[in-house]
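Structure first, then comments.
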Amino acid sequence: MMTKSEMAQAIRSGKCLWSAGCHDVLSAKLVEKAGFDVLLTSGFGISASLLGQPDVEVYSMTENLGVVRNVSNAVQIPVIADADTGYGNAINVMRTVREFEQAGAAAMIIEDQVMPKRCPAVASRLELIPVEEGVSKIRAAVAARRDPDTLIVGRTDADTKEESIRRARAYADAGADMIQPISAGYASLDDLRDLREACGVPLSLQIMRWLESDLSGDEIESVAGIAHFPLVSLLSATRAMESALTRVRNARTTRALDQGDQTSLNDFKHFIGFPEVERLQEEFMKDIA
């Protein structure tokens, strides 16, 4: 398994790492099992799974931290945390970075929307803070981290290539280790190459919209330092649960499900670690009456 230091070294040396989003510990363990290099705690997914609400920064930093801490304790691959807007101004961002770092995050994504943010995957309109304020947050984040291998990812939600590049340059100059754009500001692989060249640091790309449909894995690797599939686990799980539960409720029997619709209980017990618990009970509790 890749360590935090190895992740930072790989990205800084120009390698592309592959990541998938998780929304809880179970989905994080499945991302790890699938063989991804690193994982992303998705704010979109956390808001949906924890509160059943859209990603408009309704959940608190403490709630987000709880998920990040539990995920970090459960997996061995590096965890990249969606830290939203940093939960305030530059001073708030400093505490945010320290708390997420202590919770086990190997990297944090801090975006330049007005607080409370709205996910660009669903919002029709986004409001950005002035670039100077975005720079102050990145500078504060870099100053606050205790480990230089904790990566600070400056995200810009600017929806034009020109403004996105302007902000990306400023955030990179302020010390951001990576830049994450939203795909709305870009229309081609060449556009992303222009961004990569302009900002001078690796890109963190969320593989959605045209990036998902138009680009090959090799093309993505040519520009990305990290390539995330942020919503695959959440949307796949939602569809699978909705279908299975509807069929069982209508039929009033699990015989309505096909053989491949469910993980067997025995397989799930092994995946979630019951045999190890039983081994530990035997080792430490066998003499208890």
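Residues in the structure tokens are numbered from 1 in each chain, the chains being A, B, ... in the order shown, and ligands are numbered from 1 in the order shown.
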
message: Please extract the residues of range 198-246 of chain A with a backbone DSSP assignment of strand (DSSP E) and present them as a list in words.
response: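 These are the residues in question: Leu203, Ser204, Leu205, Gln206, Ala224, Gly225, Ile226, Ala227, His228 and Phe229 of chain A.
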
How would the residues just chosen look if you wrote them out with C-alpha atoms as a compact mmCIF listing (two decimals), in the first residue's frame?
# COMPACT_ATOMS: atom_id res chain seq x y z
CA LEU A 203 -3.69 18.83 -11.70
CA SER A 204 -6.32 17.09 -9.59
CA LEU A 205 -9.11 16.14 -11.99
CA GLN A 206 -12.61 14.94 -11.18
CA ALA A 224 -3.38 14.68 -14.16
CA GLY A 225 -1.49 14.17 -10.94
CA ILE A 226 -4.61 12.60 -9.43
CA ALA A 227 -7.62 11.39 -11.40
CA HIS A 228 -10.73 10.97 -9.25
CA PHE A 229 -13.97 9.13 -10.00

Might you pull out every residue within 9 Å of Met7 in chain A, with only C-alpha atoms counted and same-chain residues fewer than 2 positions away left off, and present them as a compact mmCIF listing (two decimals) with C-alpha atoms, in the first residue's frame?
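What landed in around19.txt:
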# COMPACT_ATOMS: atom_id res chain seq x y z
CA MET A 2 1.16 3.53 -0.80
CA THR A 3 2.09 5.74 2.14
CA LYS A 4 1.35 9.45 2.43
CA SER A 5 5.00 10.30 1.75
CA GLN A 9 6.64 11.97 -3.96
CA ALA A 10 4.80 10.23 -6.81
CA ILE A 11 2.65 13.26 -7.59
CA ARG A 12 5.56 15.70 -7.39
CA LEU A 17 -2.52 8.36 -9.27
CA ASP A 37 -3.97 4.23 -5.33
CA VAL A 38 -5.70 6.78 -3.08
CA PRO A 78 -3.86 7.78 1.51
CA ALA A 106 -2.96 13.10 3.40
CA ASP A 149 3.92 15.89 2.57

message: Let me make sure I understand: among A:Arg139, A:Lys117, A:Arg146, A:Lys161, which one has the smallest atom-to-atom distance to Ala187 in chain A if we use only C-alpha atoms?
response: A:Lys161

message: For Leu211 in chain A, find every residue with an atom within 8 Å (counting only C-alpha atoms), except residues of its own chain fewer than 3 positions away, and show them as number ranges by chain.
response: A: 183, 207-208, 214-215, 220
